[in-house]
$ cat upload_19.pdb   # PDB, C-alpha atoms
ATOM      1  CA  MET Y   1     165.890  93.390  18.559  1.00  0.00           C
ATOM      2  CA  SER Y   2     164.227  94.357  21.823  1.00  0.00           C
ATOM      3  CA  HIS Y   3     161.157  96.522  22.016  1.00  0.00           C
ATOM      4  CA  PRO Y   4     160.609  99.214  24.625  1.00  0.00           C
ATOM      5  CA  THR Y   5     158.338  98.401  27.514  1.00  0.00           C
ATOM      6  CA  LEU Y   6     154.832  99.743  27.189  1.00  0.00           C
ATOM      7  CA  ILE Y   7     153.985 101.756  30.292  1.00  0.00           C
ATOM      8  CA  ILE Y   8     150.351 101.979  31.386  1.00  0.00           C
ATOM      9  CA  TYR Y   9     149.017 104.145  34.202  1.00  0.00           C
ATOM     10  CA  THR Y  10     145.458 103.473  35.385  1.00  0.00           C
ATOM     11  CA  ASP Y  11     142.920 104.763  37.867  1.00  0.00           C
ATOM     12  CA  GLY Y  12     139.267 104.235  38.652  1.00  0.00           C
ATOM     13  CA  ALA Y  13     136.753 106.307  40.578  1.00  0.00           C
ATOM     14  CA  ALA Y  14     133.188 106.015  41.824  1.00  0.00           C
ATOM     15  CA  ARG Y  15     131.127 108.814  43.302  1.00  0.00           C
ATOM     16  CA  GLY Y  16     129.422 107.228  46.284  1.00  0.00           C
ATOM     17  CA  ASN Y  17     130.792 103.713  45.661  1.00  0.00           C
ATOM     18  CA  PRO Y  18     128.467 102.471  44.344  1.00  0.00           C
ATOM     19  CA  GLY Y  19     127.508 105.425  42.230  1.00  0.00           C
ATOM     20  CA  PRO Y  20     128.515 107.062  38.974  1.00  0.00           C
ATOM     21  CA  GLY Y  21     132.023 105.936  38.110  1.00  0.00           C
ATOM     22  CA  GLY Y  22     134.769 106.240  35.576  1.00  0.00           C
ATOM     23  CA  TYR Y  23     138.206 105.092  34.641  1.00  0.00           C
ATOM     24  CA  GLY Y  24     141.261 106.727  33.173  1.00  0.00           C
ATOM     25  CA  ALA Y  25     144.331 105.208  31.575  1.00  0.00           C
ATOM     26  CA  ILE Y  26     147.459 106.536  29.922  1.00  0.00           C
ATOM     27  CA  LEU Y  27     149.471 104.343  27.574  1.00  0.00           C
ATOM     28  CA  LYS Y  28     153.099 105.400  27.031  1.00  0.00           C
ATOM     29  CA  TRP Y  29     155.219 103.858  24.287  1.00  0.00           C
ATOM     30  CA  GLY Y  30     158.481 105.729  24.036  1.00  0.00           C
ATOM     31  CA  ALA Y  31     157.503 109.361  23.399  1.00  0.00           C
ATOM     32  CA  ALA Y  32     153.958 108.498  22.295  1.00  0.00           C
ATOM     33  CA  GLU Y  33     151.071 108.798  24.769  1.00  0.00           C
ATOM     34  CA  LYS Y  34     147.392 107.929  24.506  1.00  0.00           C
ATOM     35  CA  GLU Y  35     144.681 108.717  27.065  1.00  0.00           C
ATOM     36  CA  LEU Y  36     141.549 106.615  27.550  1.00  0.00           C
ATOM     37  CA  SER Y  37     138.514 107.245  29.757  1.00  0.00           C
ATOM     38  CA  LYS Y  38     134.843 106.306  30.039  1.00  0.00           C
ATOM     39  CA  GLY Y  39     132.113 106.914  32.595  1.00  0.00           C
ATOM     40  CA  TYR Y  40     129.352 104.631  33.896  1.00  0.00           C
ATOM     41  CA  ARG Y  41     126.082 105.574  35.569  1.00  0.00           C
ATOM     42  CA  LEU Y  42     126.287 103.019  38.410  1.00  0.00           C
ATOM     43  CA  THR Y  43     129.350 101.020  39.383  1.00  0.00           C
ATOM     44  CA  THR Y  44     132.008 100.602  42.090  1.00  0.00           C
ATOM     45  CA  ASN Y  45     135.506 101.921  42.580  1.00  0.00           C
ATOM     46  CA  ASN Y  46     137.065  98.442  42.318  1.00  0.00           C
ATOM     47  CA  ARG Y  47     135.233  97.747  39.053  1.00  0.00           C
ATOM     48  CA  MET Y  48     136.530 100.994  37.601  1.00  0.00           C
ATOM     49  CA  GLU Y  49     140.095 100.320  38.789  1.00  0.00           C
ATOM     50  CA  LEU Y  50     139.928  97.000  36.955  1.00  0.00           C
ATOM     51  CA  MET Y  51     138.151  98.448  33.896  1.00  0.00           C
ATOM     52  CA  ALA Y  52     140.986 100.954  33.479  1.00  0.00           C
ATOM     53  CA  VAL Y  53     143.457  98.080  33.139  1.00  0.00           C
ATOM     54  CA  ILE Y  54     141.132  96.120  30.829  1.00  0.00           C
ATOM     55  CA  ALA Y  55     140.463  99.118  28.575  1.00  0.00           C
ATOM     56  CA  ALA Y  56     144.177  99.816  28.261  1.00  0.00           C
ATOM     57  CA  LEU Y  57     144.952  96.194  27.381  1.00  0.00           C
ATOM     58  CA  GLU Y  58     142.027  96.026  24.949  1.00  0.00           C
ATOM     59  CA  ALA Y  59     143.448  99.075  23.156  1.00  0.00           C
ATOM     60  CA  LEU Y  60     146.623  97.161  22.259  1.00  0.00           C
ATOM     61  CA  THR Y  61     146.867  95.872  18.706  1.00  0.00           C
ATOM     62  CA  LYS Y  62     150.048  93.808  19.133  1.00  0.00           C
ATOM     63  CA  HIS Y  63     150.592  90.687  21.246  1.00  0.00           C
ATOM     64  CA  ASN Y  64     153.508  89.534  23.402  1.00  0.00           C
ATOM     65  CA  LEU Y  65     154.401  93.009  24.623  1.00  0.00           C
ATOM     66  CA  SER Y  66     156.306  93.742  27.810  1.00  0.00           C
ATOM     67  CA  VAL Y  67     153.875  95.906  29.750  1.00  0.00           C
ATOM     68  CA  THR Y  68     154.346  97.618  33.102  1.00  0.00           C
ATOM     69  CA  ILE Y  69     151.063  98.718  34.658  1.00  0.00           C
ATOM     70  CA  TYR Y  70     151.065 101.339  37.394  1.00  0.00           C
ATOM     71  CA  SER Y  71     147.945 101.325  39.572  1.00  0.00           C
ATOM     72  CA  ASP Y  72     147.062 102.835  42.932  1.00  0.00           C
ATOM     73  CA  SER Y  73     144.601  99.978  43.533  1.00  0.00           C
ATOM     74  CA  GLN Y  74     145.838  97.462  46.106  1.00  0.00           C
ATOM     75  CA  TYR Y  75     142.862  95.300  45.055  1.00  0.00           C
ATOM     76  CA  VAL Y  76     144.076  95.015  41.452  1.00  0.00           C
ATOM     77  CA  VAL Y  77     147.815  94.851  42.132  1.00  0.00           C
ATOM     78  CA  LYS Y  78     147.611  92.320  44.970  1.00  0.00           C
ATOM     79  CA  ALA Y  79     145.081  90.133  43.135  1.00  0.00           C
ATOM     80  CA  VAL Y  80     147.644  89.643  40.388  1.00  0.00           C
ATOM     81  CA  LYS Y  81     150.956  89.775  42.258  1.00  0.00           C
ATOM     82  CA  GLU Y  82     149.900  87.721  45.279  1.00  0.00           C
ATOM     83  CA  GLY Y  83     148.112  85.026  43.275  1.00  0.00           C
ATOM     84  CA  TRP Y  84     144.564  85.769  44.460  1.00  0.00           C
ATOM     85  CA  LEU Y  85     143.303  85.823  40.872  1.00  0.00           C
ATOM     86  CA  LYS Y  86     144.795  82.406  40.087  1.00  0.00           C
ATOM     87  CA  LYS Y  87     142.988  80.971  43.094  1.00  0.00           C
ATOM     88  CA  TRP Y  88     139.712  82.714  42.192  1.00  0.00           C
ATOM     89  CA  ILE Y  89     139.882  81.320  38.656  1.00  0.00           C
ATOM     90  CA  ASN Y  90     140.759  77.811  39.852  1.00  0.00           C
ATOM     91  CA  THR Y  91     137.762  77.834  42.230  1.00  0.00           C
ATOM     92  CA  ASP Y  92     135.461  79.662  39.760  1.00  0.00           C
ATOM     93  CA  PHE Y  93     135.254  82.590  42.174  1.00  0.00           C
ATOM     94  CA  LYS Y  94     133.791  80.414  44.931  1.00  0.00           C
ATOM     95  CA  GLY Y  95     132.529  82.212  48.006  1.00  0.00           C
ATOM     96  CA  GLY Y  96     130.981  85.071  46.082  1.00  0.00           C
ATOM     97  CA  LYS Y  97     134.179  86.825  45.006  1.00  0.00           C
ATOM     98  CA  LYS Y  98     133.136  90.022  43.287  1.00  0.00           C
ATOM     99  CA  ASN Y  99     133.738  91.253  39.741  1.00  0.00           C
ATOM    100  CA  LYS Y 100     134.051  87.783  38.214  1.00  0.00           C
ATOM    101  CA  ASP Y 101     133.086  89.142  34.768  1.00  0.00           C
ATOM    102  CA  LEU Y 102     135.867  91.722  34.762  1.00  0.00           C
ATOM    103  CA  TRP Y 103     138.490  89.439  36.287  1.00  0.00           C
ATOM    104  CA  LYS Y 104     137.792  86.822  33.610  1.00  0.00           C
ATOM    105  CA  ARG Y 105     138.077  89.490  30.914  1.00  0.00           C
ATOM    106  CA  PHE Y 106     141.351  90.706  32.416  1.00  0.00           C
ATOM    107  CA  HIS Y 107     142.680  87.147  32.711  1.00  0.00           C
ATOM    108  CA  GLN Y 108     142.072  86.496  28.988  1.00  0.00           C
ATOM    109  CA  LEU Y 109     143.882  89.721  28.085  1.00  0.00           C
ATOM    110  CA  SER Y 110     146.748  89.047  30.483  1.00  0.00           C
ATOM    111  CA  GLN Y 111     147.609  85.833  28.620  1.00  0.00           C
ATOM    112  CA  LYS Y 112     148.558  87.859  25.526  1.00  0.00           C
ATOM    113  CA  HIS Y 113     151.346  89.902  27.137  1.00  0.00           C
ATOM    114  CA  ASN Y 114     154.127  89.858  29.682  1.00  0.00           C
ATOM    115  CA  LEU Y 115     152.576  92.008  32.421  1.00  0.00           C
ATOM    116  CA  GLN Y 116     154.207  93.503  35.461  1.00  0.00           C
ATOM    117  CA  PHE Y 117     152.205  95.445  38.044  1.00  0.00           C
ATOM    118  CA  VAL Y 118     153.565  98.250  40.192  1.00  0.00           C
ATOM    119  CA  TRP Y 119     151.552  99.807  43.004  1.00  0.00           C
ATOM    120  CA  VAL Y 120     151.792 103.585  43.287  1.00  0.00           C
ATOM    121  CA  LYS Y 121     150.451 105.763  46.053  1.00  0.00           C
ATOM    122  CA  GLY Y 122     147.280 107.474  44.878  1.00  0.00           C
ATOM    123  CA  HIS Y 123     146.778 111.247  44.990  1.00  0.00           C
ATOM    124  CA  ALA Y 124     150.488 111.734  45.589  1.00  0.00           C
ATOM    125  CA  ASP Y 125     153.328 113.037  43.463  1.00  0.00           C
ATOM    126  CA  ASN Y 126     153.032 110.857  40.361  1.00  0.00           C
ATOM    127  CA  PRO Y 127     151.792 113.168  37.575  1.00  0.00           C
ATOM    128  CA  TYR Y 128     150.553 110.262  35.434  1.00  0.00           C
ATOM    129  CA  ASN Y 129     148.562 108.741  38.278  1.00  0.00           C
ATOM    130  CA  ASN Y 130     147.115 112.153  39.071  1.00  0.00           C
ATOM    131  CA  ARG Y 131     146.155 112.648  35.425  1.00  0.00           C
ATOM    132  CA  CYS Y 132     144.446 109.221  35.389  1.00  0.00           C
ATOM    133  CA  ASP Y 133     142.517 110.250  38.509  1.00  0.00           C
ATOM    134  CA  GLU Y 134     141.446 113.420  36.705  1.00  0.00           C
ATOM    135  CA  LEU Y 135     140.367 111.406  33.635  1.00  0.00           C
ATOM    136  CA  ALA Y 136     138.415 108.949  35.824  1.00  0.00           C
ATOM    137  CA  THR Y 137     136.596 111.556  37.927  1.00  0.00           C
ATOM    138  CA  THR Y 138     135.830 113.726  34.888  1.00  0.00           C
ATOM    139  CA  ALA Y 139     134.371 110.672  33.133  1.00  0.00           C
ATOM    140  CA  ALA Y 140     132.313 109.780  36.243  1.00  0.00           C
ATOM    141  CA  ASP Y 141     130.929 113.334  36.350  1.00  0.00           C
ATOM    142  CA  GLY Y 142     130.181 113.370  32.627  1.00  0.00           C
ATOM    143  CA  LYS Y 143     126.937 113.109  30.672  1.00  0.00           C
ATOM    144  CA  ASN Y 144     125.687 110.132  28.634  1.00  0.00           C
ATOM    145  CA  LEU Y 145     127.218 107.626  31.041  1.00  0.00           C
ATOM    146  CA  LEU Y 146     127.487 104.004  29.938  1.00  0.00           C
ATOM    147  CA  ILE Y 147     125.705 101.167  31.723  1.00  0.00           C
ATOM    148  CA  ASP Y 148     127.820  98.697  33.709  1.00  0.00           C
ATOM    149  CA  GLU Y 149     125.352  95.973  32.738  1.00  0.00           C
ATOM    150  CA  VAL Y 150     126.737  93.051  34.743  1.00  0.00           C
ATOM    151  CA  TYR Y 151     126.998  95.142  37.897  1.00  0.00           C
ATOM    152  CA  GLU Y 152     123.449  96.511  37.560  1.00  0.00           C
ATOM    153  CA  GLN Y 153     122.022  93.027  36.866  1.00  0.00           C
ATOM    154  CA  GLU Y 154     123.815  91.586  39.894  1.00  0.00           C
ATOM    155  CA  ARG Y 155     122.473  94.406  42.079  1.00  0.00           C
ATOM    156  CA  GLU Y 156     118.904  93.754  40.923  1.00  0.00           C
ATOM    157  CA  GLN Y 157     119.259  90.044  41.721  1.00  0.00           C
ATOM    158  CA  ALA Y 158     120.759  90.624  45.152  1.00  0.00           C
TER     159      ALA Y 158
END

$ encode --input "upload_19.pdb" --output "structure tokens"
Amino acid sequence: MSHPTLIIYTDGAARGNPGPGGYGAILKWGAAEKELSKGYRLTTNNRMELMAVIAALEALTKHNLSVTIYSDSQYVVKAVKEGWLKKWINTDFKGGKKNKDLWKRFHQLSQKHNLQFVWVKGHADNPYNNRCDELATTAADGKNLLIDEVYEQEREQA
């Protein structure tokens, strides 16, 4: 018996980049939908794009799902589809590749499912992508923002 594909839409945002940021994700399983979002006091756009994917995957309670992830982030989609991430992991992110903590977290999660990434044009005519953008920017503009601890520590050390 085949299961439907889980559809995930994601988006990240940062005001100022770096600055306050947030992510938004929508998980669609048949007719069911779930929205996720969180905001951080200091982060980058790329970190939030990746956090949206991570948060969505971390919300899953089953393993071995077929998952299609729609993202408007070339950084995230190309890293996976064009094999950049494999290379970064094999070289332990040599050369100062950014966001090692998040990429490693994503990589662990990605082993549990059959993932397919699809790039979508941002701020265009995809209502789910637009809603994720709204979730991300609303979270970034919110109160009681979380701390992106690894990012802030790395900034202090730089």

$ closest_atom_pairs --input "upload_19.pdb" --of "stretch 12-90 of chain Y" --to "stretch 126-134 of chain Y" --cutoff "9 Å" --atoms "only C-alpha atoms" --output "CSV"
residue,atom,partner,partner_atom,distance
Y:Gly12,CA,Y:Asp133,CA,6.8
Y:Ala13,CA,Y:Asp133,CA,7.3
Y:Tyr23,CA,Y:Cys132,CA,7.5
Y:Gly24,CA,Y:Cys132,CA,4.6
Y:Ala25,CA,Y:Cys132,CA,5.5
Y:Ile26,CA,Y:Cys132,CA,6.8
Y:Glu35,CA,Y:Cys132,CA,8.3
Y:Leu36,CA,Y:Cys132,CA,8.8
Y:Ser37,CA,Y:Cys132,CA,8.4
Y:Tyr70,CA,Y:Asn129,CA,7.9
Y:Ser71,CA,Y:Asn129,CA,7.6
Y:Asp72,CA,Y:Asn129,CA,7.7

$ resolve_selection --input "upload_19.pdb" --expression "the PyMOL selection byres ((chain Y and resi 29) around 8)" --output "list in words"
Pro4, Thr5, Leu6, Ile7, Leu27, Lys28, Gly30, Ala31, Ala32 and Glu33 of chain Y

$ resolve_selection --input "upload_19.pdb" --expression "the PyMOL selection byres ((chain Y and resi 19-22) around 12)" --output "count of residues only"
49

$ resolve_selection --input "upload_19.pdb" --expression "the PyMOL selection byres ((chain Y and resi 104) around 12)" --output "mmCIF file with C-alpha atoms, keeping the file's coordinate frame"
data_model
loop_
_atom_site.group_PDB
_atom_site.id
_atom_site.type_symbol
_atom_site.label_atom_id
_atom_site.label_comp_id
_atom_site.auth_asym_id
_atom_site.auth_seq_id
_atom_site.Cartn_x
_atom_site.Cartn_y
_atom_site.Cartn_z
ATOM 1 C CA LEU Y 50 139.928 97.000 36.955
ATOM 2 C CA MET Y 51 138.151 98.448 33.896
ATOM 3 C CA ILE Y 54 141.132 96.120 30.829
ATOM 4 C CA LEU Y 85 143.303 85.823 40.872
ATOM 5 C CA LYS Y 86 144.795 82.406 40.087
ATOM 6 C CA TRP Y 88 139.712 82.714 42.192
ATOM 7 C CA ILE Y 89 139.882 81.320 38.656
ATOM 8 C CA ASN Y 90 140.759 77.811 39.852
ATOM 9 C CA ASP Y 92 135.461 79.662 39.760
ATOM 10 C CA PHE Y 93 135.254 82.590 42.174
ATOM 11 C CA LYS Y 97 134.179 86.825 45.006
ATOM 12 C CA LYS Y 98 133.136 90.022 43.287
ATOM 13 C CA ASN Y 99 133.738 91.253 39.741
ATOM 14 C CA LYS Y 100 134.051 87.783 38.214
ATOM 15 C CA ASP Y 101 133.086 89.142 34.768
ATOM 16 C CA LEU Y 102 135.867 91.722 34.762
ATOM 17 C CA TRP Y 103 138.490 89.439 36.287
ATOM 18 C CA ARG Y 105 138.077 89.490 30.914
ATOM 19 C CA PHE Y 106 141.351 90.706 32.416
ATOM 20 C CA HIS Y 107 142.680 87.147 32.711
ATOM 21 C CA GLN Y 108 142.072 86.496 28.988
ATOM 22 C CA LEU Y 109 143.882 89.721 28.085
ATOM 23 C CA SER Y 110 146.748 89.047 30.483
ATOM 24 C CA GLN Y 111 147.609 85.833 28.620
#

$ closest_residue --input "upload_19.pdb" --among "Y:Thr91, Y:Gln157, Y:Gln74, Y:Ser66" --to "Y:Lys121" --atoms "only C-alpha atoms"
Y:Gln74

$ atom_distance --input "upload_19.pdb" --atom1 "atom CA of Y:Ser73" --atom2 "atom CA of Y:Trp119"
7.0 Å

$ atom_distance --input "upload_19.pdb" --atom1 "atom CA of Y:Gln116" --atom2 "atom CA of Y:Lys81"
8.4 Å

$ atom_distance --input "upload_19.pdb" --atom1 "atom CA of Y:Phe117" --atom2 "atom CA of Y:Asn64"
15.8 Å

$ decode --input "upload_19.pdb" --residues "stretch 60-101 of chain Y" --atoms "N, CA and C atoms" --output "compact mmCIF listing (two decimals), in the first residue's frame"
# COMPACT_ATOMS: atom_id res chain seq x y z
N LEU Y 60 8.25 15.68 11.98
CA LEU Y 60 7.72 14.39 11.50
C LEU Y 60 7.90 13.31 12.56
N THR Y 61 6.87 12.51 12.74
CA THR Y 61 6.94 11.44 13.75
C THR Y 61 7.19 10.08 13.11
N LYS Y 62 6.99 9.97 11.80
CA LYS Y 62 7.24 8.71 11.10
C LYS Y 62 8.55 8.79 10.33
N HIS Y 63 9.11 7.64 10.01
CA HIS Y 63 10.33 7.57 9.19
C HIS Y 63 10.00 7.00 7.81
N ASN Y 64 10.97 7.09 6.92
CA ASN Y 64 10.86 6.53 5.57
C ASN Y 64 9.68 7.08 4.77
N LEU Y 65 9.44 8.38 4.93
CA LEU Y 65 8.38 9.02 4.15
C LEU Y 65 8.95 9.54 2.83
N SER Y 66 8.09 9.59 1.83
CA SER Y 66 8.43 10.31 0.59
C SER Y 66 8.04 11.76 0.83
N VAL Y 67 9.02 12.64 0.74
CA VAL Y 67 8.80 14.05 1.06
C VAL Y 67 9.28 14.91 -0.10
N THR Y 68 8.44 15.80 -0.55
CA THR Y 68 8.84 16.79 -1.55
C THR Y 68 8.87 18.15 -0.84
N ILE Y 69 10.04 18.78 -0.89
CA ILE Y 69 10.24 20.06 -0.22
C ILE Y 69 10.37 21.16 -1.27
N TYR Y 70 9.49 22.15 -1.15
CA TYR Y 70 9.52 23.30 -2.05
C TYR Y 70 10.18 24.46 -1.31
N SER Y 71 11.24 25.00 -1.90
CA SER Y 71 11.97 26.11 -1.29
C SER Y 71 12.34 27.12 -2.36
N ASP Y 72 12.34 28.40 -1.97
CA ASP Y 72 12.79 29.42 -2.93
C ASP Y 72 14.28 29.75 -2.71
N SER Y 73 14.96 28.93 -1.89
CA SER Y 73 16.37 29.15 -1.61
C SER Y 73 17.25 28.33 -2.55
N GLN Y 74 17.93 29.01 -3.46
CA GLN Y 74 18.90 28.31 -4.33
C GLN Y 74 19.97 27.65 -3.48
N TYR Y 75 20.38 28.34 -2.41
CA TYR Y 75 21.42 27.84 -1.49
C TYR Y 75 21.05 26.45 -0.96
N VAL Y 76 19.83 26.30 -0.46
CA VAL Y 76 19.41 25.02 0.10
C VAL Y 76 19.20 23.99 -1.00
N VAL Y 77 18.46 24.34 -2.03
CA VAL Y 77 18.12 23.38 -3.08
C VAL Y 77 19.37 22.90 -3.81
N LYS Y 78 20.24 23.82 -4.20
CA LYS Y 78 21.45 23.42 -4.94
C LYS Y 78 22.42 22.63 -4.06
N ALA Y 79 22.52 22.98 -2.78
CA ALA Y 79 23.42 22.26 -1.88
C ALA Y 79 23.07 20.78 -1.85
N VAL Y 80 21.78 20.48 -1.90
CA VAL Y 80 21.34 19.09 -1.86
C VAL Y 80 21.39 18.48 -3.26
N LYS Y 81 20.73 19.13 -4.22
CA LYS Y 81 20.58 18.53 -5.55
C LYS Y 81 21.89 18.44 -6.33
N GLU Y 82 22.79 19.40 -6.12
CA GLU Y 82 24.02 19.42 -6.90
C GLU Y 82 25.21 18.80 -6.14
N GLY Y 83 24.92 18.20 -4.99
CA GLY Y 83 25.96 17.45 -4.28
C GLY Y 83 26.93 18.29 -3.46
N TRP Y 84 26.66 19.59 -3.31
CA TRP Y 84 27.58 20.42 -2.51
C TRP Y 84 27.66 19.89 -1.08
N LEU Y 85 26.50 19.53 -0.51
CA LEU Y 85 26.46 19.09 0.88
C LEU Y 85 27.29 17.84 1.10
N LYS Y 86 27.19 16.89 0.16
CA LYS Y 86 27.99 15.66 0.27
C LYS Y 86 29.47 16.01 0.37
N LYS Y 87 29.90 16.92 -0.50
CA LYS Y 87 31.31 17.33 -0.52
C LYS Y 87 31.67 18.03 0.80
N TRP Y 88 30.80 18.93 1.26
CA TRP Y 88 31.07 19.64 2.51
C TRP Y 88 31.21 18.66 3.67
N ILE Y 89 30.36 17.65 3.71
CA ILE Y 89 30.41 16.67 4.80
C ILE Y 89 31.69 15.84 4.68
N ASN Y 90 32.01 15.41 3.47
CA ASN Y 90 33.22 14.60 3.27
C ASN Y 90 34.50 15.35 3.62
N THR Y 91 34.49 16.68 3.49
CA THR Y 91 35.69 17.48 3.80
C THR Y 91 35.54 18.20 5.14
N ASP Y 92 34.53 17.83 5.93
CA ASP Y 92 34.22 18.47 7.21
C ASP Y 92 34.14 19.99 7.06
N PHE Y 93 33.50 20.41 5.99
CA PHE Y 93 33.21 21.83 5.76
C PHE Y 93 34.50 22.66 5.66
N LYS Y 94 35.53 22.05 5.06
CA LYS Y 94 36.81 22.70 4.88
C LYS Y 94 36.64 24.02 4.11
N GLY Y 95 37.50 24.97 4.42
CA GLY Y 95 37.45 26.24 3.71
C GLY Y 95 36.44 27.20 4.32
N GLY Y 96 35.99 26.90 5.52
CA GLY Y 96 35.11 27.82 6.22
C GLY Y 96 33.69 27.88 5.68
N LYS Y 97 33.21 26.76 5.12
CA LYS Y 97 31.81 26.73 4.67
C LYS Y 97 30.90 27.07 5.85
N LYS Y 98 29.94 27.90 5.60
CA LYS Y 98 29.07 28.39 6.67
C LYS Y 98 27.95 27.41 7.03
N ASN Y 99 27.42 27.62 8.23
CA ASN Y 99 26.22 26.90 8.70
C ASN Y 99 26.42 25.41 8.89
N LYS Y 100 27.65 25.04 9.24
CA LYS Y 100 28.00 23.63 9.46
C LYS Y 100 27.04 22.97 10.44
N ASP Y 101 26.70 23.66 11.54
CA ASP Y 101 25.82 23.08 12.56
C ASP Y 101 24.46 22.70 11.96
